[in-house]
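Engineer: Before we start, here is the structure in question, set down as structure tokens.
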Amino acid sequence: RCAMVADRALDGATWDHHSEITRQAPSFESLFSNLLQLAEALEGTRGLSGGSLLDEVTVVVFSDMGRFPSLNASRGKDHWMTTSMMLFGGGIRGGQVVGAYSDTFGGVPVVAETGELDPEGSRGSVIGPAAIGATLLTLAGLDPTEAFGPDIAPITALLHA
């Protein structure tokens, strides 16, 4: 089962803050308030296995793009190729950060099995969309090599063993 929910930011406004970045903080507060309500509702609802739905449902929060590290001339932020995401709920090993930004705000390579940073890239790779897809397929009990081939490793450091 899967559901995709779009957060329209504060008061139904867009998240595309190319100007007046001051609107972004209230939008984030609204998003995280809504996520907290969702987590509380899932935790308070009995799932099929007898535990809570939060034990059975994985929540993935992401955007299709990141934001440039500096403000533009309109006091906003333009699109950037590196972004972050949050996962919580069923099957996710919480309480950790996996990945980092480099000095130039690009992604730092990560060892998929441990989540360790690998700045030289000798043992890991930068987390990209295919690795996230492989991780979610692995979480669902499916073989990600059928979709992504043998060279894309799921980020198993994110998953409960």
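Naming works like this for the structure tokens: A, B, ... for the chains as they're shown, residue 1 at the start of each chain, ligands 1 onward in shown order.
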Set the distance at 10 Å and use only C-alpha atoms: which residues neighbour Ile155 of chain A once local chain neighbours fewer than 3 positions away are removed? I'd like the list as a list in words.
Structural biologist: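 Those residues are Val98, Val110, Val111, Ala112, Glu113, Thr114, Gly115, Ile127, Ala131, Ile132, Gly133, Ala134, Thr135, Leu136, Thr138, Ile152, Leu158 and Leu159 of chain A.
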Engineer: Can you list, as a list in words, every residue of segment 30-118 of chain A that DSSP puts in strand (DSSP E)?
Structural biologist: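 The strand (DSSP E) residues within segment 30-118 of chain A come out as Thr58, Val59, Val60, Val61, Phe62, Gly66, Arg67, His79, Trp80, Met85, Met86, Leu87, Phe88 and Gly89 of chain A.
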Engineer: Just the residues within 8 Å of segment 69-74 of chain A, please, counting only C-alpha atoms, with nothing from its chain fewer than 2 positions along; format it as a list in words.
Structural biologist: His18, Ser19, Glu20, Arg67, Gly76, Lys77, Asp78, Trp80 and Phe105 of chain A
Engineer: Can those selected residues be exported to a file as a short mmCIF file (atom, residue, chain, number, x, y, z; two decimals), in the first residue's frame so that it contains N, CA and C atoms?
Structural biologist:
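Output contents, as saved in selection.cif:
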```cif
data_model
loop_
_atom_site.label_atom_id
_atom_site.label_comp_id
_atom_site.auth_asym_id
_atom_site.auth_seq_id
_atom_site.Cartn_x
_atom_site.Cartn_y
_atom_site.Cartn_z
N HIS A 18 11.49 31.41 -4.46
CA HIS A 18 12.56 32.07 -5.20
C HIS A 18 12.75 33.50 -4.71
N SER A 19 11.80 34.01 -3.97
CA SER A 19 11.93 35.34 -3.40
C SER A 19 11.37 35.32 -1.98
N GLU A 20 11.78 36.30 -1.20
CA GLU A 20 11.28 36.43 0.17
C GLU A 20 11.38 35.13 0.96
N ARG A 67 17.76 23.37 -2.51
CA ARG A 67 17.81 24.82 -2.67
C ARG A 67 19.26 25.28 -2.63
N GLY A 76 15.64 35.14 -2.09
CA GLY A 76 15.08 33.79 -2.07
C GLY A 76 16.17 32.79 -2.43
N LYS A 77 15.78 31.55 -2.69
CA LYS A 77 16.74 30.52 -3.05
C LYS A 77 16.28 29.81 -4.31
N ASP A 78 17.23 29.61 -5.21
CA ASP A 78 16.95 28.94 -6.46
C ASP A 78 17.17 27.44 -6.31
N TRP A 80 18.64 23.64 -6.60
CA TRP A 80 19.98 23.09 -6.37
C TRP A 80 19.90 21.59 -6.55
N PHE A 105 28.68 22.05 -1.07
CA PHE A 105 27.26 21.72 -0.91
C PHE A 105 26.78 20.64 -1.86
#
```
Engineer: Quick one: residues within 9 Å of segment 29-39 of chain A, only C-alpha atoms counted, chain neighbours fewer than 2 positions away excluded, as an NGL selection string?
Structural biologist: :A and (7-10 or 24-27 or 41-44 or 54 or 59 or 88-89)
Engineer: Could you take the residues named above and write them with C-alpha atoms, as an mmCIF file, in the first residue's frame?
Structural biologist:
```cif
data_model
loop_
_atom_site.group_PDB
_atom_site.id
_atom_site.type_symbol
_atom_site.label_atom_id
_atom_site.label_comp_id
_atom_site.auth_asym_id
_atom_site.auth_seq_id
_atom_site.Cartn_x
_atom_site.Cartn_y
_atom_site.Cartn_z
ATOM 1 C CA ASP A 7 2.106 19.566 1.485
ATOM 2 C CA ARG A 8 1.090 22.916 0.005
ATOM 3 C CA ALA A 9 3.028 24.846 2.644
ATOM 4 C CA LEU A 10 1.496 27.490 4.860
ATOM 5 C CA GLN A 24 10.112 29.421 4.190
ATOM 6 C CA ALA A 25 10.452 29.138 7.977
ATOM 7 C CA PRO A 26 6.674 29.317 8.629
ATOM 8 C CA SER A 27 6.138 26.774 5.825
ATOM 9 C CA ALA A 41 -2.213 9.416 14.540
ATOM 10 C CA LEU A 42 -0.297 6.414 13.161
ATOM 11 C CA GLU A 43 1.073 5.587 16.605
ATOM 12 C CA GLY A 44 -2.411 5.809 18.122
ATOM 13 C CA LEU A 54 3.538 3.574 12.836
ATOM 14 C CA VAL A 59 6.820 7.751 5.857
ATOM 15 C CA PHE A 88 10.501 7.353 9.692
ATOM 16 C CA GLY A 89 8.150 4.616 10.772
#
```
Engineer: I'd like the interatomic distance between atom CA of Ser63 of chain A and atom CA of His17 of chain A, to a tenth of an Å.
Structural biologist: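 Between these atoms lies a distance of 13.2 Å.
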